[in-house]
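Engineer: The file below is protein_35.cif, mmCIF, C-alpha atoms:
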```cif
data_target
loop_
_atom_site.label_atom_id
_atom_site.label_comp_id
_atom_site.auth_asym_id
_atom_site.auth_seq_id
_atom_site.Cartn_x
_atom_site.Cartn_y
_atom_site.Cartn_z
CA GLY A 1 5.53 -21.63 4.07
CA LEU A 2 8.38 -19.27 4.82
CA ILE A 3 11.19 -21.65 5.78
CA PRO A 4 10.06 -25.21 6.69
CA GLY A 5 10.57 -25.91 10.38
CA SER A 6 11.86 -22.46 11.18
CA VAL A 7 9.49 -21.16 13.86
CA TYR A 8 12.04 -18.52 14.82
CA MET A 9 12.17 -17.06 11.33
CA LYS A 10 8.37 -16.91 11.09
CA LYS A 11 8.21 -14.97 14.37
CA LEU A 12 10.98 -12.66 13.22
CA ILE A 13 9.13 -11.79 10.01
CA ALA A 14 5.84 -11.30 11.88
CA VAL A 15 7.48 -8.74 14.14
CA ALA A 16 9.32 -6.98 11.32
CA ALA A 17 6.24 -6.59 9.12
CA PHE A 18 4.62 -3.83 11.24
CA PHE A 19 1.40 -5.82 11.38
CA TYR A 20 0.03 -3.22 13.76
CA VAL A 21 -0.66 -1.08 10.70
CA VAL A 22 -1.90 -3.91 8.48
CA VAL A 23 -4.35 -5.19 11.10
CA LEU A 24 -5.87 -1.73 11.30
CA SER A 25 -6.12 -1.51 7.53
CA GLN A 26 -8.78 -4.15 6.91
CA GLY A 27 -11.61 -2.40 8.77
CA GLN A 28 -10.86 0.96 7.18
CA ILE A 29 -10.58 -0.43 3.65
CA LEU A 30 -13.83 -2.35 4.04
CA GLN A 31 -15.57 0.88 5.03
CA SER A 32 -14.26 2.64 1.94
CA THR A 33 -15.58 -0.03 -0.46
CA ARG A 34 -19.19 0.28 0.77
CA PHE A 35 -19.78 3.44 -1.27
CA VAL A 36 -19.75 1.37 -4.46
CA LYS A 37 -23.17 0.07 -3.37
CA GLY A 38 -24.60 3.58 -3.80
CA SER A 39 -22.82 4.62 -7.01
CA ILE A 40 -20.09 2.87 -9.00
CA SER A 41 -18.56 6.16 -10.19
CA ASP A 42 -18.73 7.85 -6.78
CA GLY A 43 -17.44 4.74 -5.05
CA GLU A 44 -14.34 4.72 -7.24
CA LYS A 45 -13.70 8.43 -6.64
CA ILE A 46 -13.97 8.00 -2.87
CA LEU A 47 -11.70 4.95 -2.99
CA MET A 48 -9.10 6.86 -4.98
CA ALA A 49 -9.11 9.76 -2.51
CA TYR A 50 -9.15 7.57 0.59
CA LEU A 51 -6.47 5.09 -0.51
CA LEU A 52 -4.03 7.64 -1.98
CA PRO A 53 -1.57 7.54 0.98
CA LEU A 54 -1.67 3.74 1.18
CA GLU A 55 -0.86 3.35 -2.51
CA LYS A 56 1.90 5.97 -2.38
CA SER A 57 3.37 4.41 0.77
CA PHE A 58 3.66 1.05 -1.00
CA ASN A 59 5.37 2.84 -3.89
CA ALA A 60 7.78 4.64 -1.57
CA ILE A 61 8.69 1.49 0.37
CA GLY A 62 9.45 -0.25 -2.92
CA SER A 63 12.31 2.16 -3.63
CA ARG A 64 13.81 2.27 -0.12
CA GLY A 65 16.39 0.21 1.69
CA PHE A 66 18.86 -0.95 -0.97
CA ASP A 67 21.25 -3.27 0.81
CA PHE A 68 24.85 -3.64 -0.35
CA GLN A 69 28.11 -5.32 0.63
CA ARG A 70 31.33 -3.88 1.88
CA SER A 71 34.42 -4.41 -0.28
CA ALA A 72 35.10 -8.00 -1.31
CA ASN A 73 38.52 -8.03 0.43
CA GLY A 74 40.03 -10.38 -2.14
CA LYS A 75 37.08 -12.79 -2.34
CA SER A 76 35.67 -13.74 -5.74
CA PHE A 77 32.12 -13.80 -4.38
CA VAL A 78 30.52 -12.33 -1.28
CA TYR A 79 27.09 -13.50 -0.12
CA SER A 80 24.72 -11.81 2.32
CA PHE A 81 21.47 -12.88 4.02
CA GLY A 82 19.33 -10.81 6.35
CA VAL A 83 16.09 -9.17 7.43
CA GLN A 84 14.94 -5.63 6.77
CA LEU A 85 12.22 -3.22 7.82
CA ALA A 86 11.27 -0.37 5.45
CA GLY A 87 8.68 2.31 6.15
CA ALA A 88 7.11 5.45 4.68
CA MET A 89 5.33 8.43 6.23
CA ALA A 90 2.43 10.19 4.49
CA PRO A 91 2.59 14.02 4.43
CA VAL A 92 0.00 16.08 6.31
CA ARG A 93 -1.79 17.15 3.11
CA ASP A 94 -2.58 13.51 2.28
CA LYS A 95 -4.30 12.81 5.61
CA THR A 96 -7.62 14.34 4.49
CA TYR A 97 -9.64 14.97 1.33
CA ASN A 98 -12.55 17.30 0.53
CA VAL A 99 -15.67 15.39 -0.52
CA ALA A 100 -17.03 18.50 -2.21
CA GLY A 101 -14.00 18.56 -4.52
CA LEU A 102 -14.35 15.00 -5.83
CA GLY A 103 -17.09 15.77 -8.36
CA LEU A 104 -19.50 13.19 -6.90
CA SER A 105 -22.71 12.72 -8.86
CA GLU A 106 -24.80 10.77 -6.33
CA PHE A 107 -23.39 11.23 -2.83
CA VAL A 108 -23.45 14.53 -0.94
CA ALA A 109 -22.30 15.49 2.54
CA SER A 110 -25.12 15.31 5.07
CA ASP A 111 -23.80 18.57 6.55
CA PRO A 112 -22.73 20.92 3.71
CA SER A 113 -20.50 22.83 6.15
CA ASN A 114 -18.52 19.70 7.01
CA THR A 115 -17.02 18.13 3.88
CA LEU A 116 -13.49 17.26 5.03
CA ALA A 117 -13.05 13.47 5.31
CA GLN A 118 -10.11 11.35 6.46
CA THR A 119 -7.87 9.31 4.19
CA PHE A 120 -6.28 6.01 5.19
CA ALA A 121 -3.50 7.99 6.90
CA GLY A 122 -5.95 10.19 8.85
CA ASN A 123 -7.66 9.90 12.22
CA SER A 124 -10.96 8.32 13.31
CA ASN A 125 -13.19 11.33 12.53
CA THR A 126 -16.00 10.70 10.04
CA ILE A 127 -18.61 12.75 8.19
CA GLY A 128 -22.07 11.71 7.03
CA LEU A 129 -22.72 11.06 3.34
CA ALA A 130 -26.07 10.32 1.72
CA THR A 131 -27.40 9.67 -1.77
CA ARG A 132 -29.34 12.33 -3.64
CA ALA A 133 -31.84 9.64 -4.64
CA ASN A 134 -34.61 8.97 -2.11
CA ILE A 135 -36.98 6.10 -1.40
CA LYS A 136 -40.43 6.15 0.17
CA VAL A 137 -40.94 4.80 3.67
CA PRO A 138 -44.46 3.92 4.95
CA SER A 139 -45.92 6.36 7.48
CA ALA A 140 -49.04 6.34 9.69
CA THR A 141 -50.03 9.88 8.68
CA PHE A 142 -51.03 11.41 5.35
CA PRO A 143 -49.71 11.07 2.72
CA PHE A 144 -48.77 7.78 4.47
CA TYR A 145 -45.15 7.87 3.47
CA THR A 146 -41.98 9.85 4.08
CA THR A 147 -38.79 9.94 2.07
CA LYS A 148 -35.27 9.08 3.09
CA PRO A 149 -31.97 8.75 1.20
CA LEU A 150 -31.50 5.54 -0.71
CA LEU A 151 -28.27 4.96 1.22
CA LYS A 152 -26.64 6.76 4.15
CA LEU A 153 -23.04 6.04 5.19
CA GLN A 154 -20.29 7.49 7.31
CA SER A 155 -17.04 8.29 5.56
CA PRO A 156 -14.36 5.68 6.32
CA GLU A 157 -12.15 6.24 9.33
CA GLY A 158 -8.42 6.66 9.00
CA SER A 159 -6.00 4.11 10.41
CA GLY A 160 -4.81 6.59 13.04
CA THR A 161 -1.22 6.67 11.77
CA ALA A 162 0.55 8.12 8.75
CA LEU A 163 3.30 5.50 9.05
CA LEU A 164 3.29 2.25 7.06
CA GLY A 165 6.02 -0.39 7.21
CA LEU A 166 6.81 -3.78 5.71
CA GLY A 167 9.34 -6.44 6.70
CA PHE A 168 11.52 -8.41 4.29
CA LEU A 169 13.94 -11.27 3.94
CA THR A 170 16.98 -10.22 1.91
CA ALA A 171 19.74 -12.04 0.04
CA SER A 172 22.46 -10.80 -2.32
CA VAL A 173 25.65 -11.80 -4.09
CA TYR A 174 28.57 -9.51 -4.99
CA THR A 175 31.39 -10.12 -7.46
CA ASN A 176 33.84 -7.89 -9.32
CA GLY A 177 31.95 -4.62 -8.72
CA LYS A 178 28.54 -6.02 -9.54
CA GLU A 179 25.81 -7.01 -7.08
CA ALA A 180 22.40 -8.64 -7.42
CA GLY A 181 19.91 -8.94 -4.58
CA ILE A 182 16.39 -10.06 -3.78
CA ARG A 183 13.95 -8.75 -1.17
CA ILE A 184 10.90 -10.83 -0.27
CA MET A 185 7.99 -10.67 2.14
CA PRO A 186 6.23 -14.05 1.74
CA PRO A 187 2.40 -14.08 1.52
CA ILE A 188 1.12 -13.80 5.08
CA ARG A 189 -2.48 -13.76 6.28
CA VAL A 190 -2.75 -11.12 8.97
CA PRO A 191 -3.98 -12.84 12.18
CA GLY A 192 -7.69 -12.26 12.86
CA THR A 193 -8.40 -10.79 9.40
CA ASP A 194 -8.90 -11.84 5.77
CA ALA A 195 -6.10 -9.55 4.59
CA ILE A 196 -3.11 -11.08 2.79
CA VAL A 197 0.00 -9.01 2.08
CA TYR A 198 3.18 -9.93 0.25
CA SER A 199 6.02 -8.27 -1.60
CA ALA A 200 8.87 -9.45 -3.82
CA GLY A 201 11.58 -7.74 -5.81
CA GLY A 202 15.20 -7.49 -6.77
CA THR A 203 18.01 -4.96 -7.15
CA LEU A 204 21.10 -4.56 -9.32
CA ARG A 205 24.12 -2.44 -8.39
CA ALA A 206 27.23 -1.63 -10.39
CA GLU A 207 30.34 0.01 -8.87
CA LEU A 208 31.64 2.43 -11.48
CA ASN A 209 35.04 2.60 -9.71
CA THR A 210 35.57 -1.13 -10.26
CA LEU A 211 34.21 -1.26 -13.81
CA ILE A 212 35.83 1.92 -15.16
CA LYS A 213 39.64 1.88 -14.99
CA PRO A 214 40.27 5.69 -14.65
CA MET A 215 38.06 5.67 -11.51
CA HIS A 216 39.99 2.91 -9.69
CA SER A 217 41.92 5.36 -7.53
CA TRP A 218 38.98 7.50 -6.45
CA PRO A 219 38.65 7.78 -2.64
CA VAL A 220 34.90 7.08 -2.72
CA ILE A 221 32.83 4.39 -4.43
CA ILE A 222 30.30 5.56 -7.02
CA SER A 223 27.48 3.12 -7.79
CA VAL A 224 24.39 3.05 -9.96
CA VAL A 225 21.42 1.12 -8.57
CA THR A 226 18.14 -0.01 -10.05
CA GLY A 227 15.53 -2.64 -9.24
CA LEU A 228 11.92 -3.73 -9.30
CA GLN A 229 9.57 -4.28 -6.34
CA TYR A 230 6.02 -5.69 -6.45
CA THR A 231 3.70 -5.40 -3.43
CA ARG A 232 0.11 -6.60 -3.08
CA LEU A 233 -2.54 -6.31 -0.35
CA SER A 234 -5.83 -8.18 -0.83
CA LEU A 235 -8.93 -8.96 1.21
CA ASP A 236 -12.56 -10.05 0.91
CA PRO A 237 -14.76 -6.92 1.19
CA GLY A 238 -17.93 -8.94 1.97
CA LEU A 239 -20.26 -6.52 0.15
CA ALA A 240 -23.79 -7.92 0.22
CA PRO A 241 -27.27 -6.33 0.31
CA GLU A 242 -28.18 -5.04 3.78
CA GLY A 243 -31.62 -4.08 5.09
CA SER A 244 -34.98 -5.57 5.94
CA GLY A 245 -36.79 -7.89 3.57
CA ALA A 246 -39.48 -5.26 3.05
CA GLU A 247 -36.95 -2.72 1.77
CA ILE A 248 -34.65 -4.93 -0.30
CA SER A 249 -36.01 -6.48 -3.47
CA LEU A 250 -33.67 -9.32 -4.47
CA GLN A 251 -33.99 -10.88 -7.90
CA PRO A 252 -33.16 -14.49 -8.86
CA GLU A 253 -30.14 -13.30 -10.83
CA ASN A 254 -28.61 -11.45 -7.85
CA GLY A 255 -25.39 -12.84 -6.36
CA PRO A 256 -23.44 -14.81 -5.47
CA TYR A 257 -21.41 -12.42 -3.31
CA ASP A 258 -18.84 -14.84 -1.91
CA THR A 259 -16.23 -14.51 -4.69
CA GLN A 260 -15.35 -10.85 -4.18
CA GLU A 261 -11.81 -9.55 -3.86
CA PHE A 262 -10.43 -6.10 -3.20
CA TYR A 263 -6.73 -5.54 -3.83
CA ILE A 264 -4.03 -2.91 -4.18
CA SER A 265 -0.85 -3.73 -6.09
CA SER A 266 2.27 -1.65 -6.57
CA ARG A 267 5.12 -1.94 -9.08
CA VAL A 268 8.15 0.26 -8.49
CA ILE A 269 11.31 0.83 -10.55
CA PRO A 270 13.90 3.10 -8.89
CA PHE A 271 17.10 4.52 -10.40
CA GLU A 272 19.71 5.83 -7.98
CA LEU A 273 23.25 7.20 -8.06
CA MET A 274 25.02 6.34 -4.79
CA VAL A 275 28.28 7.55 -3.22
CA GLN A 276 29.81 5.55 -0.37
CA LYS A 277 32.91 5.82 1.77
CA GLU A 278 34.29 2.97 3.85
CA VAL A 279 36.19 3.75 7.05
CA ARG A 280 37.24 0.54 8.78
CA LYS A 281 34.03 -1.09 10.05
CA LEU A 282 31.75 1.75 8.98
CA VAL A 283 30.35 2.54 5.54
CA ILE A 284 28.68 5.94 5.08
CA TYR A 285 26.60 6.52 1.96
CA ALA A 286 24.34 9.03 0.24
CA GLY A 287 22.32 8.79 -2.93
CA ALA A 288 19.90 10.60 -5.21
CA GLY A 289 17.37 8.98 -7.48
CA MET A 290 14.02 8.82 -9.21
CA ASN A 291 11.21 6.46 -8.36
CA PHE A 292 8.83 5.36 -11.16
CA SER A 293 5.76 3.52 -9.93
CA LYS A 294 2.39 2.17 -11.00
CA SER A 295 -0.30 1.18 -8.52
CA HIS A 296 -3.42 -0.76 -9.48
CA THR A 297 -6.54 -0.88 -7.31
CA ALA A 298 -9.53 -3.08 -8.11
CA LEU A 299 -12.78 -4.40 -6.66
CA GLU A 300 -13.71 -7.66 -8.35
CA GLY A 301 -16.67 -10.03 -8.23
CA ASN A 302 -20.42 -9.42 -8.11
CA ILE A 303 -21.07 -6.15 -6.27
CA PRO A 304 -24.64 -5.06 -5.34
CA LEU A 305 -25.73 -1.57 -6.40
CA TYR A 306 -28.74 0.03 -4.66
CA LYS A 307 -31.31 1.60 -7.01
CA THR A 308 -34.74 3.12 -6.52
CA ASP A 309 -37.66 0.95 -7.64
CA PRO A 310 -38.95 2.34 -10.98
CA THR A 311 -42.52 1.37 -9.96
CA ASP A 312 -42.27 3.92 -7.11
CA THR A 313 -42.99 1.29 -4.43
CA PHE A 314 -41.51 1.06 -0.95
CA SER A 315 -38.49 -1.02 -1.91
CA ILE A 316 -34.91 -0.91 -3.13
CA ILE A 317 -33.88 -2.71 -6.30
CA ILE A 318 -30.52 -4.53 -6.22
CA GLU A 319 -28.57 -4.59 -9.47
CA ASP A 320 -25.29 -6.50 -9.58
CA PHE A 321 -22.17 -5.21 -11.30
CA LYS A 322 -19.22 -7.46 -12.02
CA ASP A 323 -15.70 -6.09 -11.38
CA PRO A 324 -16.98 -2.51 -11.00
CA VAL A 325 -13.79 -0.74 -9.88
CA SER A 326 -10.38 -0.75 -11.52
CA TYR A 327 -7.96 2.17 -11.74
CA GLU A 328 -4.23 2.82 -12.00
CA ARG A 329 -1.96 5.59 -10.79
CA LEU A 330 1.35 6.41 -12.47
CA THR A 331 3.79 8.50 -10.45
CA ALA A 332 7.39 9.66 -10.63
CA SER A 333 9.16 11.24 -7.66
CA ALA A 334 12.69 12.25 -6.74
CA TYR A 335 14.34 11.27 -3.48
CA LEU A 336 17.56 11.57 -1.48
CA ASN A 337 18.99 8.76 0.66
CA VAL A 338 21.48 9.00 3.54
CA GLY A 339 22.60 6.18 5.78
CA PHE A 340 25.29 3.92 7.13
CA LYS A 341 26.26 0.30 7.43
CA TYR A 342 28.28 -0.94 10.39
CA PHE A 343 30.14 -4.27 10.35
CA VAL A 344 31.31 -6.46 13.22
CA ARG A 345 33.09 -9.49 11.79
CA SER A 346 30.51 -11.10 9.45
CA TYR A 347 27.53 -9.18 10.84
CA GLY A 348 26.23 -5.92 9.42
CA LEU A 349 23.68 -3.35 10.58
CA ASN A 350 22.21 -1.09 7.87
CA ALA A 351 20.11 2.02 8.60
CA GLY A 352 19.04 4.97 6.51
CA TYR A 353 16.58 7.76 5.90
CA SER A 354 14.93 8.96 2.67
CA ILE A 355 13.92 12.54 1.94
CA SER A 356 11.03 12.71 -0.51
CA GLU A 357 7.33 13.50 -0.79
CA TYR A 358 6.79 10.45 1.44
CA GLN A 359 9.60 10.48 4.01
CA GLY A 360 10.98 7.03 4.73
CA PHE A 361 13.38 4.92 6.74
CA TYR A 362 14.91 1.48 6.59
CA LEU A 363 16.68 -0.75 9.08
CA GLY A 364 18.35 -4.05 8.27
CA PHE A 365 20.49 -6.75 9.82
CA GLY A 366 22.52 -9.24 7.79
CA ILE A 367 25.22 -11.89 7.77
CA THR A 368 27.99 -11.78 5.18
CA LEU A 369 29.69 -14.96 4.02
#
```
Take the structure in the file and give it back as structure tokens.
Structural biologist:
Amino acid sequence: GLIPGSVYMKKLIAVAAFFYVVVLSQGQILQSTRFVKGSISDGEKILMAYLLPLEKSFNAIGSRGFDFQRSANGKSFVYSFGVQLAGAMAPVRDKTYNVAGLGLSEFVASDPSNTLAQTFAGNSNTIGLATRANIKVPSATFPFYTTKPLLKLQSPEGSGTALLGLGFLTASVYTNGKEAGIRIMPPIRVPGTDAIVYSAGGTLRAELNTLIKPMHSWPVIISVVTGLQYTRLSLDPGLAPEGSGAEISLQPENGPYDTQEFYISSRVIPFELMVQKEVRKLVIYAGAGMNFSKSHTALEGNIPLYKTDPTDTFSIIIEDFKDPVSYERLTASAYLNVGFKYFVRSYGLNAGYSISEYQGFYLGFGITL
């Protein structure tokens, strides 16, 4: 559980997690995994193109929203607890992808003049895709059969928004110019879906003014910040053979299909140089940094692949592949942060904006002890 007996805290996290976006995600991701049934290689290429903005958004969120204390004011230790919302916005160029540019070997666009498909961050428009391989279908006229593609699918719809956000619980401790913090989104099953999302990480901050004697008198505080954030979204894709018994030829060795899992994980390590100025109750800050990230996407379990029957009969052979999709993306991107933190007694409000390939924001509320 999150915090035993704390119904209020559970509701607070549920609101902060932007579940509007996550609820939408399951249907779209399930659509994107279906292409593996027509071609393992093509399915992975389509997944990579479609999920690009989702993976990069997780990476961007992992480097946003560093929380920090105000000055210790004579205390040996300062503790802070709070909640935070961090979000990222996909750029326009990552809302679509060109199917013709993916180098697909089996799937082709049903309409060669319409090859632009939506990514996860795109809209609800779809295009038709079909396999090059055909199967024979019985017909009442000579030669008593016609041909049709082995598999026809619509490209997956986008979620309808380029914005993705996650909510966190935060805690930190500050002492003598050094600060350590954690940021956690406990595993939560999105209501009405099979999707589970969670995130956990930590940050370290060192105030150079406090640690380096010649900088003690500087009018601004210079800090270096780093951390690590891990985020994971998983769901059951439910990929099983579809079609009439006459078309599908199942073998005794096929299945089971009830142990499948599709997941996206993100590991992010940011490095940032931050400048902050405190004026009474207000702290204004700006920072520049680099974000190093690795995302891993996988489809695991027994996955059915449609194949033409080598005997040239009116049926589709099902061949199972175990753990057919697994790929990683390594990225490095620069970013600028600007923001403020406003204090009223022991309460603090933190808000900021990030300028990068994936624009971002963060908003937090905390209590300082």
Engineer: Please write the residues picked by the PyMOL selection byres ((chain A and resi 237) around 7) on this file as a ChimeraX atom specification.
Structural biologist: /A:30,235-236,238-239,260-262
Engineer: One decimal, in Å: what's the spacing between CA of Leu129 in chain A and CA of Pro112 in chain A?
Structural biologist: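 Computing it gives 9.9 Å between the two atoms.
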Engineer: May I ask for the distance between CA of Tyr198 in chain A and CA of Glu179 in chain A, given in Å to one decimal place?
Structural biologist: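 If I compute the distance from CA of Tyr198 in chain A to CA of Glu179 in chain A, I get 24.0 Å.
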Engineer: Could you give me, as a PDB file with C-alpha atoms, in the coordinates of the input, the residues within 8 Å of Thr259 in chain A, counting all atoms listed in the file and dropping anything in the same chain fewer than 2 positions from it?
Structural biologist:
```
ATOM      1  CA  PRO A 256     -23.440 -14.810  -5.470  1.00  0.00           C
ATOM      2  CA  TYR A 257     -21.410 -12.420  -3.310  1.00  0.00           C
ATOM      3  CA  GLU A 261     -11.810  -9.550  -3.860  1.00  0.00           C
ATOM      4  CA  GLY A 301     -16.670 -10.030  -8.230  1.00  0.00           C
ATOM      5  CA  ASN A 302     -20.420  -9.420  -8.110  1.00  0.00           C
TER       6      ASN A 302
END
```
Engineer: At what distance in Å, to one decimal, does CA of Pro53 in chain A lie from CA of Leu164 in chain A?
Structural biologist: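 So the two atoms, CA of Leu164 in chain A and CA of Pro53 in chain A, lie 9.4 Å apart.
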Engineer: Evaluate the PyMOL selection byres ((chain A and resi 86-102) around 7) on the structure here and hand back the selected residues as a count of residues only.
Structural biologist: 31
Engineer: Using the chain letters and numbers from the file, give me the residues hit by the PyMOL selection byres ((chain A and resi 323-334) around 9), as number ranges by chain.
Structural biologist: A: 36, 40-41, 43-44, 48, 55-56, 59, 260, 288-303, 321-322, 335-336, 355-357
Engineer: Show me, as a list in words, the residues that have an atom within 6 Å of Asn337 in chain A when counting all atoms listed in the file, minus same-chain residues fewer than 2 positions from it.
Structural biologist: Ala286, Gly287, Tyr353 and Ser354 of chain A
